[in-house]
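Shown here: query10.cif, mmCIF, C-alpha atoms.
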```
data_model
#
loop_
_atom_site.label_atom_id
_atom_site.label_comp_id
_atom_site.auth_asym_id
_atom_site.auth_seq_id
_atom_site.Cartn_x
_atom_site.Cartn_y
_atom_site.Cartn_z
CA MET A 1 17.49 -11.29 7.17
CA GLU A 2 14.10 -9.93 6.08
CA LYS A 3 13.09 -6.91 8.12
CA LEU A 4 9.93 -6.92 10.22
CA ASP A 5 7.13 -4.45 9.50
CA LEU A 6 6.16 -3.05 12.89
CA TYR A 7 3.64 -0.68 11.27
CA SER A 8 1.54 -3.69 10.22
CA MET A 9 1.36 -5.11 13.76
CA LEU A 10 -1.55 -4.91 16.18
CA PRO A 11 -0.70 -4.12 19.84
CA GLU A 12 -0.69 -7.77 20.91
CA GLU A 13 1.74 -8.62 18.10
CA LEU A 14 3.98 -5.72 19.07
CA ALA A 15 3.94 -6.95 22.67
CA ASP A 16 5.22 -10.36 21.59
CA TYR A 17 7.90 -8.71 19.46
CA PHE A 18 9.18 -6.44 22.23
CA VAL A 19 9.33 -9.32 24.70
CA SER A 20 11.30 -11.34 22.10
CA ILE A 21 13.99 -8.64 21.97
CA GLY A 22 14.20 -8.30 25.74
CA GLU A 23 11.98 -5.25 26.18
CA PRO A 24 9.01 -4.98 28.56
CA LYS A 25 5.56 -5.65 27.13
CA PHE A 26 4.31 -2.13 27.85
CA ARG A 27 6.57 -0.82 25.06
CA ALA A 28 3.92 -2.11 22.65
CA ALA A 29 1.34 0.46 23.72
CA GLN A 30 3.92 3.24 23.51
CA ALA A 31 5.00 2.20 20.04
CA PHE A 32 1.55 1.50 18.62
CA LYS A 33 0.23 5.01 19.17
CA GLY A 34 3.10 6.51 17.24
CA LEU A 35 3.14 3.87 14.51
CA ALA A 36 -0.62 4.17 14.02
CA ARG A 37 -0.22 7.93 13.46
CA GLY A 38 2.40 7.30 10.79
CA GLU A 39 5.31 8.64 12.83
CA ARG A 40 8.79 7.60 11.83
CA ILE A 41 10.34 5.39 14.47
CA ALA A 42 12.83 8.17 15.31
CA GLU A 43 9.85 10.42 16.16
CA ILE A 44 8.35 8.10 18.79
CA THR A 45 10.00 9.80 21.75
CA THR A 46 8.23 7.64 24.35
CA LEU A 47 10.83 5.03 23.36
CA SER A 48 14.46 5.48 24.33
CA LYS A 49 16.87 6.71 21.66
CA LYS A 50 18.85 3.49 21.92
CA LEU A 51 15.71 1.44 21.23
CA ARG A 52 14.62 3.74 18.42
CA ASP A 53 18.02 3.43 16.77
CA ARG A 54 17.80 -0.35 16.98
CA LEU A 55 14.29 -0.45 15.58
CA SER A 56 15.25 1.92 12.76
CA ASP A 57 18.08 -0.42 11.78
CA GLU A 58 16.22 -3.71 12.12
CA THR A 59 12.66 -2.97 10.90
CA LEU A 60 10.97 -1.58 7.80
CA ASP A 61 10.31 2.12 7.46
CA THR A 62 7.02 1.96 5.54
CA PRO A 63 5.31 5.38 5.89
CA PRO A 64 4.98 6.76 2.34
CA THR A 65 6.30 10.11 1.25
CA VAL A 66 4.50 12.66 -0.90
CA GLU A 67 6.03 12.44 -4.38
CA LEU A 68 3.50 14.75 -6.00
CA LYS A 69 0.45 16.66 -4.83
CA LEU A 70 -2.18 18.25 -7.07
CA THR A 71 -4.98 20.40 -5.65
CA SER A 72 -8.11 21.07 -7.69
CA LYS A 73 -8.92 24.72 -8.22
CA ILE A 74 -12.53 23.68 -8.82
CA ASP A 75 -13.46 21.90 -5.58
CA GLY A 76 -10.33 21.54 -3.41
CA THR A 77 -9.91 17.82 -4.10
CA VAL A 78 -6.30 16.78 -3.45
CA LYS A 79 -4.62 14.05 -5.46
CA TYR A 80 -1.52 12.48 -3.96
CA LEU A 81 1.14 10.39 -5.60
CA PHE A 82 2.83 8.55 -2.74
CA ARG A 83 6.25 6.94 -3.03
CA LEU A 84 6.64 3.72 -1.05
CA PHE A 85 9.73 2.42 0.74
CA ASP A 86 10.83 0.35 -2.27
CA GLY A 87 10.36 3.17 -4.80
CA ALA A 88 6.97 2.08 -6.13
CA CYS A 89 4.18 4.67 -6.34
CA VAL A 90 0.45 4.62 -5.62
CA GLU A 91 -2.29 7.24 -5.66
CA SER A 92 -4.79 8.51 -3.11
CA VAL A 93 -7.47 11.17 -3.45
CA LEU A 94 -8.64 13.40 -0.59
CA MET A 95 -12.19 14.66 -1.14
CA LYS A 96 -13.80 17.25 1.08
CA TYR A 97 -17.50 17.13 1.85
CA LYS A 98 -19.76 18.89 4.33
CA HIS A 99 -20.03 15.65 6.31
CA GLY A 100 -16.23 15.23 6.54
CA ASN A 101 -13.13 14.29 4.61
CA THR A 102 -13.02 11.11 2.53
CA LEU A 103 -9.79 9.49 1.33
CA CYS A 104 -9.81 7.08 -1.60
CA ILE A 105 -6.85 4.72 -1.15
CA SER A 106 -5.03 2.14 -3.27
CA SER A 107 -4.62 -1.50 -2.29
CA GLN A 108 -2.02 -2.72 -4.80
CA VAL A 109 0.78 -1.35 -6.96
CA GLY A 110 -1.01 -1.77 -10.28
CA CYS A 111 -3.81 -4.26 -10.87
CA ARG A 112 -4.20 -7.55 -12.72
CA MET A 113 -7.98 -7.54 -13.12
CA GLY A 114 -7.84 -6.05 -16.61
CA CYS A 115 -11.01 -3.94 -16.60
CA LYS A 116 -10.98 -2.26 -20.01
CA PHE A 117 -12.03 1.21 -18.84
CA CYS A 118 -9.49 1.52 -16.00
CA ALA A 119 -6.07 3.22 -16.17
CA SER A 120 -4.86 1.37 -13.05
CA THR A 121 -4.64 -1.99 -14.79
CA LEU A 122 -2.89 -1.01 -18.02
CA ALA A 123 0.59 -2.08 -16.86
CA GLY A 124 -0.59 -5.01 -14.73
CA ARG A 125 0.10 -5.67 -11.06
CA GLU A 126 3.54 -5.20 -9.51
CA ARG A 127 2.81 -6.23 -5.93
CA ASP A 128 0.34 -6.09 -3.06
CA LEU A 129 0.45 -3.29 -0.52
CA LEU A 130 1.30 -4.17 3.07
CA PRO A 131 -1.27 -3.35 5.76
CA SER A 132 1.04 -0.55 6.87
CA GLU A 133 1.11 0.91 3.35
CA LEU A 134 -2.68 0.97 3.22
CA LEU A 135 -2.73 2.71 6.60
CA GLY A 136 0.17 4.94 5.60
CA GLN A 137 -1.81 6.61 2.83
CA ILE A 138 -4.26 7.86 5.47
CA THR A 139 -1.65 9.01 7.96
CA ALA A 140 0.42 10.70 5.24
CA ALA A 141 -2.65 12.56 3.93
CA GLN A 142 -3.56 13.64 7.45
CA ARG A 143 -0.06 14.83 8.24
CA ASP A 144 0.21 16.73 4.97
CA SER A 145 -3.25 18.32 5.05
CA GLY A 146 -3.46 18.90 8.79
CA GLU A 147 -7.01 17.51 8.67
CA ARG A 148 -8.57 14.29 9.92
CA VAL A 149 -9.72 11.67 7.45
CA ASP A 150 -13.26 10.72 8.50
CA ASN A 151 -14.15 8.20 5.80
CA VAL A 152 -12.12 5.72 3.75
CA VAL A 153 -12.99 4.40 0.31
CA MET A 154 -10.98 1.45 -1.01
CA MET A 155 -11.52 2.27 -4.64
CA GLY A 156 -8.08 3.35 -5.80
CA ILE A 157 -5.40 1.40 -7.67
CA GLY A 158 -5.74 -2.38 -7.30
CA GLU A 159 -8.41 -4.91 -6.37
CA PRO A 160 -8.75 -4.99 -2.55
CA LEU A 161 -10.02 -8.56 -2.43
CA ASP A 162 -7.01 -9.71 -4.49
CA ASN A 163 -4.96 -8.58 -1.46
CA PHE A 164 -7.39 -10.09 1.03
CA ASP A 165 -5.26 -10.89 4.10
CA ASN A 166 -3.44 -7.56 4.08
CA VAL A 167 -6.69 -5.65 3.59
CA VAL A 168 -8.38 -7.42 6.52
CA LYS A 169 -5.35 -6.67 8.72
CA PHE A 170 -5.48 -3.02 7.62
CA LEU A 171 -9.16 -2.81 8.54
CA LYS A 172 -8.38 -4.00 12.05
CA LEU A 173 -5.51 -1.52 12.35
CA VAL A 174 -7.43 1.52 11.10
CA ASN A 175 -10.37 0.75 13.36
CA HIS A 176 -8.33 0.14 16.51
CA LYS A 177 -9.35 2.42 19.40
CA ASP A 178 -5.72 3.28 20.17
CA GLY A 179 -4.98 4.02 16.51
CA LEU A 180 -6.90 6.14 14.00
CA ASN A 181 -10.18 4.76 15.36
CA ILE A 182 -12.08 5.12 12.08
CA GLY A 183 -15.38 3.28 12.40
CA TYR A 184 -16.03 0.33 10.10
CA ARG A 185 -19.26 1.94 8.95
CA HIS A 186 -17.18 4.81 7.59
CA ILE A 187 -15.20 2.46 5.34
CA SER A 188 -16.26 1.26 1.89
CA LEU A 189 -14.54 -1.48 -0.11
CA SER A 190 -15.06 -1.79 -3.86
CA THR A 191 -14.52 -5.06 -5.74
CA CYS A 192 -14.84 -6.05 -9.37
CA GLY A 193 -16.30 -9.37 -8.24
CA VAL A 194 -13.80 -11.81 -6.70
CA VAL A 195 -16.55 -14.15 -5.56
CA PRO A 196 -14.67 -16.46 -3.13
CA LYS A 197 -13.27 -13.45 -1.29
CA ILE A 198 -16.70 -11.79 -1.05
CA ARG A 199 -17.81 -14.93 0.77
CA ALA A 200 -14.66 -14.89 2.91
CA LEU A 201 -15.27 -11.23 3.79
CA ALA A 202 -18.75 -12.13 5.01
CA GLU A 203 -17.22 -14.72 7.34
CA VAL A 204 -14.75 -12.20 8.78
CA ASP A 205 -17.81 -10.16 9.76
CA ILE A 206 -16.31 -6.68 9.66
CA PRO A 207 -19.26 -4.28 9.13
CA ILE A 208 -17.87 -2.17 6.29
CA THR A 209 -19.88 -1.18 3.20
CA LEU A 210 -19.33 -3.43 0.19
CA SER A 211 -19.48 -1.87 -3.28
CA ILE A 212 -19.72 -4.04 -6.38
CA SER A 213 -18.34 -2.79 -9.69
CA LEU A 214 -21.03 -4.19 -11.96
CA HIS A 215 -21.00 -2.01 -15.12
CA ALA A 216 -23.24 -4.28 -17.23
CA SER A 217 -26.42 -6.30 -16.82
CA ASP A 218 -25.59 -9.33 -18.98
CA ASP A 219 -22.59 -11.62 -19.19
CA GLU A 220 -21.69 -10.83 -22.79
CA LYS A 221 -21.35 -7.09 -22.18
CA ARG A 222 -19.71 -7.51 -18.78
CA SER A 223 -17.15 -10.05 -20.00
CA ALA A 224 -16.19 -7.70 -22.84
CA ILE A 225 -15.13 -4.96 -20.42
CA MET A 226 -14.38 -6.97 -17.26
CA PRO A 227 -12.37 -10.20 -17.74
CA VAL A 228 -13.15 -11.25 -14.15
CA ASN A 229 -16.69 -12.03 -15.36
CA LYS A 230 -15.36 -14.96 -17.40
CA LYS A 231 -14.32 -16.64 -14.14
CA TRP A 232 -17.23 -15.56 -11.94
CA ASN A 233 -20.24 -14.51 -13.97
CA ILE A 234 -23.06 -12.19 -12.96
CA ASP A 235 -25.17 -14.96 -11.46
CA ALA A 236 -22.29 -16.23 -9.29
CA LEU A 237 -21.47 -12.67 -8.25
CA LEU A 238 -25.00 -11.65 -7.30
CA LEU A 239 -25.66 -14.92 -5.46
CA ALA A 240 -22.54 -14.20 -3.39
CA CYS A 241 -23.91 -10.70 -2.75
CA VAL A 242 -27.24 -12.13 -1.64
CA ASP A 243 -25.46 -14.41 0.81
CA TYR A 244 -23.29 -11.51 1.99
CA TYR A 245 -26.39 -9.46 2.78
CA LYS A 246 -28.05 -12.38 4.57
CA LYS A 247 -24.92 -12.89 6.67
CA THR A 248 -24.12 -9.26 7.49
CA SER A 249 -27.37 -7.28 6.97
CA ARG A 250 -25.14 -4.62 5.42
CA ARG A 251 -26.40 -2.76 2.35
CA ILE A 252 -24.44 -3.41 -0.83
CA SER A 253 -24.03 -0.62 -3.34
CA PHE A 254 -23.50 -1.20 -7.05
CA GLU A 255 -21.12 0.87 -9.13
CA TYR A 256 -22.08 1.29 -12.79
CA THR A 257 -19.73 3.13 -15.14
CA LEU A 258 -21.63 4.67 -18.03
CA ILE A 259 -19.80 4.22 -21.35
CA SER A 260 -21.29 5.89 -24.40
CA GLY A 261 -22.55 3.34 -26.90
CA LYS A 262 -21.70 0.39 -24.66
CA ASN A 263 -24.02 0.26 -21.65
CA ASP A 264 -25.82 3.60 -21.27
CA THR A 265 -29.14 3.30 -23.12
CA GLU A 266 -32.64 3.27 -21.62
CA ASP A 267 -32.83 -0.44 -22.42
CA ASP A 268 -29.62 -0.96 -20.44
CA ALA A 269 -31.18 0.88 -17.49
CA ARG A 270 -34.29 -1.29 -17.64
CA ALA A 271 -32.22 -4.46 -17.86
CA LEU A 272 -30.13 -3.35 -14.87
CA ALA A 273 -33.21 -2.65 -12.75
CA SER A 274 -34.73 -6.01 -13.68
CA LEU A 275 -31.50 -7.86 -12.85
CA LEU A 276 -31.01 -6.31 -9.41
CA LYS A 277 -34.66 -6.64 -8.41
CA LYS A 278 -34.60 -10.34 -9.38
CA TYR A 279 -31.94 -11.06 -6.76
CA PHE A 280 -32.61 -8.53 -4.01
CA VAL A 281 -36.36 -7.90 -3.84
CA PRO A 282 -37.06 -11.48 -2.63
CA ILE A 283 -34.76 -10.98 0.38
CA HIS A 284 -36.05 -7.42 1.04
CA ALA A 285 -32.58 -5.95 0.55
CA PRO A 286 -32.20 -2.27 -0.37
CA ILE A 287 -30.80 -1.60 -3.84
CA HIS A 288 -28.63 1.40 -4.57
CA VAL A 289 -26.76 2.14 -7.80
CA ASN A 290 -23.95 4.69 -8.12
CA LEU A 291 -23.70 5.88 -11.71
CA ILE A 292 -20.29 7.11 -12.87
CA ARG A 293 -19.61 8.70 -16.23
CA VAL A 294 -16.51 6.91 -17.53
CA ASN A 295 -13.21 8.73 -17.09
CA GLU A 296 -11.78 9.14 -20.56
CA VAL A 297 -8.33 7.53 -20.77
CA LYS A 298 -6.71 7.72 -24.18
CA GLU A 299 -5.54 4.09 -24.12
CA THR A 300 -9.10 2.73 -23.72
CA GLY A 301 -10.92 4.75 -26.36
CA PHE A 302 -14.06 4.82 -24.20
CA VAL A 303 -16.12 8.00 -24.22
CA ALA A 304 -18.43 9.41 -21.56
CA GLY A 305 -21.97 10.31 -22.49
CA SER A 306 -23.49 13.64 -21.53
CA VAL A 307 -24.51 14.65 -18.04
CA ASP A 308 -28.12 14.72 -19.25
CA SER A 309 -27.93 11.14 -20.52
CA ALA A 310 -26.60 10.02 -17.13
CA LYS A 311 -29.51 11.79 -15.44
CA ARG A 312 -31.97 10.07 -17.77
CA PHE A 313 -30.40 6.69 -16.94
CA ALA A 314 -30.84 7.44 -13.24
CA GLU A 315 -34.43 8.58 -13.76
CA THR A 316 -35.25 5.33 -15.57
CA LEU A 317 -33.86 3.30 -12.66
CA GLU A 318 -35.79 5.42 -10.15
CA SER A 319 -39.03 4.95 -12.11
CA LEU A 320 -38.52 1.19 -11.79
CA GLY A 321 -37.97 1.33 -8.03
CA VAL A 322 -34.16 1.30 -7.93
CA VAL A 323 -32.47 4.11 -5.99
CA ALA A 324 -29.78 5.70 -8.16
CA THR A 325 -27.36 8.60 -7.87
CA VAL A 326 -25.05 10.13 -10.45
CA ARG A 327 -21.70 10.54 -8.78
CA ARG A 328 -20.39 14.08 -8.85
CA ARG A 329 -17.04 14.18 -10.61
CA LEU A 330 -14.49 15.73 -8.24
CA GLY A 331 -11.00 16.91 -9.10
CA SER A 332 -11.54 16.80 -12.85
CA ASP A 333 -8.73 19.31 -13.39
CA VAL A 334 -6.17 17.11 -11.57
CA ASN A 335 -7.05 13.74 -13.18
CA ALA A 336 -8.51 12.48 -9.92
CA ALA A 337 -9.42 9.09 -11.41
CA CYS A 338 -6.87 6.63 -10.05
CA GLY A 339 -4.11 5.29 -12.27
CA GLN A 340 -3.53 8.30 -14.51
CA LEU A 341 -1.05 10.16 -12.30
CA ARG A 342 1.00 7.05 -11.55
CA ARG A 343 1.28 6.23 -15.26
CA SER A 344 2.45 9.72 -16.14
CA ALA A 345 5.02 9.65 -13.33
CA SER A 346 6.29 6.23 -14.46
CA ALA A 347 6.64 7.50 -18.02
CA VAL A 348 8.76 10.42 -16.80
CA GLN A 349 11.04 8.07 -14.83
CA VAL A 350 11.56 5.84 -17.87
#
```
Is it possible to express this structure as structure tokens?
Amino acid sequence: MEKLDLYSMLPEELADYFVSIGEPKFRAAQAFKGLARGERIAEITTLSKKLRDRLSDETLDTPPTVELKLTSKIDGTVKYLFRLFDGACVESVLMKYKHGNTLCISSQVGCRMGCKFCASTLAGRERDLLPSELLGQITAAQRDSGERVDNVVMMGIGEPLDNFDNVVKFLKLVNHKDGLNIGYRHISLSTCGVVPKIRALAEVDIPITLSISLHASDDEKRSAIMPVNKKWNIDALLLACVDYYKKTSRRISFEYTLISGKNDTEDDARALASLLKKYFVPIHAPIHVNLIRVNEVKETGFVAGSVDSAKRFAETLESLGVVATVRRRLGSDVNAACGQLRRSASAVQV
């Protein structure tokens, strides 16, 4: 019999479960507080030992364990390799800012989107993460570091909208007042452009921040580095973003990875500004671009331009009325870009 995942259940679902096994409904509230903190079932002492033993035998034990932890000597960024209950591994990155701690989490084991500059997709997708495994990265980081995670960025391994139902369930769990109670406005979700799910996310009406991995301003260049563009091109993607903004009134940010010789010239900056203004100025939507110098992964062959060239790209966008920031590269001495640590660990196991 397939085991139930109690860690992925909301309180009302737990209540139904406990009633089904002959326990009073109030057990749900007792269990949820412990589960939401990432406690092992044996640690939830508000439940009787007999019940804990039964639950341990009959349900999944999904909280991840720390397989490897690297701490940057430069800025204190912590990179975690978490091992999941079935032996698979994913990465998370804990970044410390003056305004609080931000954790970048993974949504899948591997990724099938095939973006050419990304280490996470090189071996394809193994499986989706359960809601509890998304949540578990946060609780495991908190328990290990002894610090609260204030902000969550879904920008790690995997495409969040390719795991739509589990991601939406996770968002409800992490926001729950009796759980971690992380506000939706402190959560950002990054997508390479799964257009139907962007529209579905708008209908769910959860007020998170949506980030779009754009990386090029015309279909030819974008399709060459992002296969998803062959299915949903730039026009389809940006029209979905326009509708998302109209529905939610939530600002959308655009991620743009700068690759030397591919998409980082002044002409590219001008084309990007023109493209975004075409879609978003008419609806009076704010435009913000996050510029990221590409992380150099040996399998891709892509090279990052200089810091000065990134600044010039940003200055060109700003001169054309598009707000732009060059993302500060954290944890460079621990390969903080997602996908690299998992690949090296997999190679060792083989």
*Residue nearest Glu91 of chain A - candidates A:Gly34, A:Gly146, A:Gly156, A:Pro282, atoms counted: all atoms listed in the file*: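 Smallest separation from Glu91 of chain A among the options: A:Gly156.
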_Among listed residues A:Pro196, A:Lys98, A:Leu237, A:Ala202, nearest Leu214 of chain A (using only C-alpha atoms)_ =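 Ranking A:Pro196, A:Lys98, A:Leu237, A:Ala202 by distance to Leu214 of chain A, first place goes to A:Leu237.
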Report the residues retrieved by the PyMOL selection byres ((chain A and resi 28) around 7) from the displayed file, expressed as a tab-separated table (two decimals) with C-alpha atoms, keeping the file's coordinate frame.
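Final output, saved to selection_34.tsv:
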```tsv
chain	number	residue	atom	x	y	z
A	11	PRO	CA	-0.70	-4.12	19.84
A	14	LEU	CA	3.98	-5.72	19.07
A	15	ALA	CA	3.94	-6.95	22.67
A	18	PHE	CA	9.18	-6.44	22.23
A	25	LYS	CA	5.56	-5.65	27.13
A	26	PHE	CA	4.31	-2.13	27.85
A	27	ARG	CA	6.57	-0.82	25.06
A	29	ALA	CA	1.34	0.46	23.72
A	30	GLN	CA	3.92	3.24	23.51
A	31	ALA	CA	5.00	2.20	20.04
A	32	PHE	CA	1.55	1.50	18.62
```
*On this structure, which residues satisfy the PyMOL selection byres ((chain A and resi 128) around 7), written as a list of chain:residue names?*
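So the PyMOL selection byres ((chain A and resi 128) around 7) ends up selecting A:Ser107, A:Gln108, A:Val109, A:Arg127, A:Leu129, A:Leu130, A:Asn163.
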*Written as JSON, numbers by chain, which residues does the PyMOL selection byres ((chain A and resi 37) around 9) give for the file shown?*
{"A": [32, 33, 34, 35, 36, 38, 39, 135, 136, 138, 139, 140, 142, 143, 179, 180]}
*Within 8 Å of segment 249-260 of chain A, counting all atoms listed in the file, which residues show up once you throw out same-chain ones fewer than 6 positions away? Write them as a PyMOL selection string, please.*
chain A and resi 207-216+241+285-294+302-305+310
*asked:* Set the distance at 7 Å and use all atoms listed in the file: which residues neighbour Ala314 of chain A once local chain neighbours fewer than 3 positions away are removed? I'd like the list as a ChimeraX atom specification.
replied: /A:310-311,317-318,324-326
*Residues at most 12 Å from Leu171 of chain A, counting all atoms listed in the file, excluding those fewer than 6 positions away in the same chain, as a PyMOL selection string?*
chain A and resi 8-10+107+130-132+134-135+152-154+160+164-165+179-189+201+204-208
How big is the axis-aligned box, and where does its centre sit, when it encloses all atoms of segment 51-64 of chain A listed in the file and has 4 Å added on every side, reported in Å to one decimal as JSON?
```
{"center_x": 11.5, "center_y": 1.5, "center_z": 11.8, "size_x": 21.1, "size_y": 18.5, "size_z": 26.9}
```
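The space separating atom CA of Phe82 of chain A from atom CA of Lys69 of chain A comes to 8.7 Å.
Atom pair atom CA of Glu266 of chain A / atom CA of Phe313 of chain A: separated by 6.2 Å.
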*Could you state the separation of atom CA of Ser72 of chain A and atom CA of Gly100 of chain A in Å, given to one decimal place?*
17.4 Å
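All residues of protein, DNA or RNA that reach within 12 Å of Arg52 of chain A, judged by all atoms listed in the file and not counting those fewer than 4 positions away in the chain, are Arg27, Gln30, Ala31, Gly34, Glu39, Arg40, Ile41, Ala42, Glu43, Ile44, Thr45, Thr46, Leu47, Ser48, Ser56, Asp57, Glu58, Thr59 and Asp61 of chain A.
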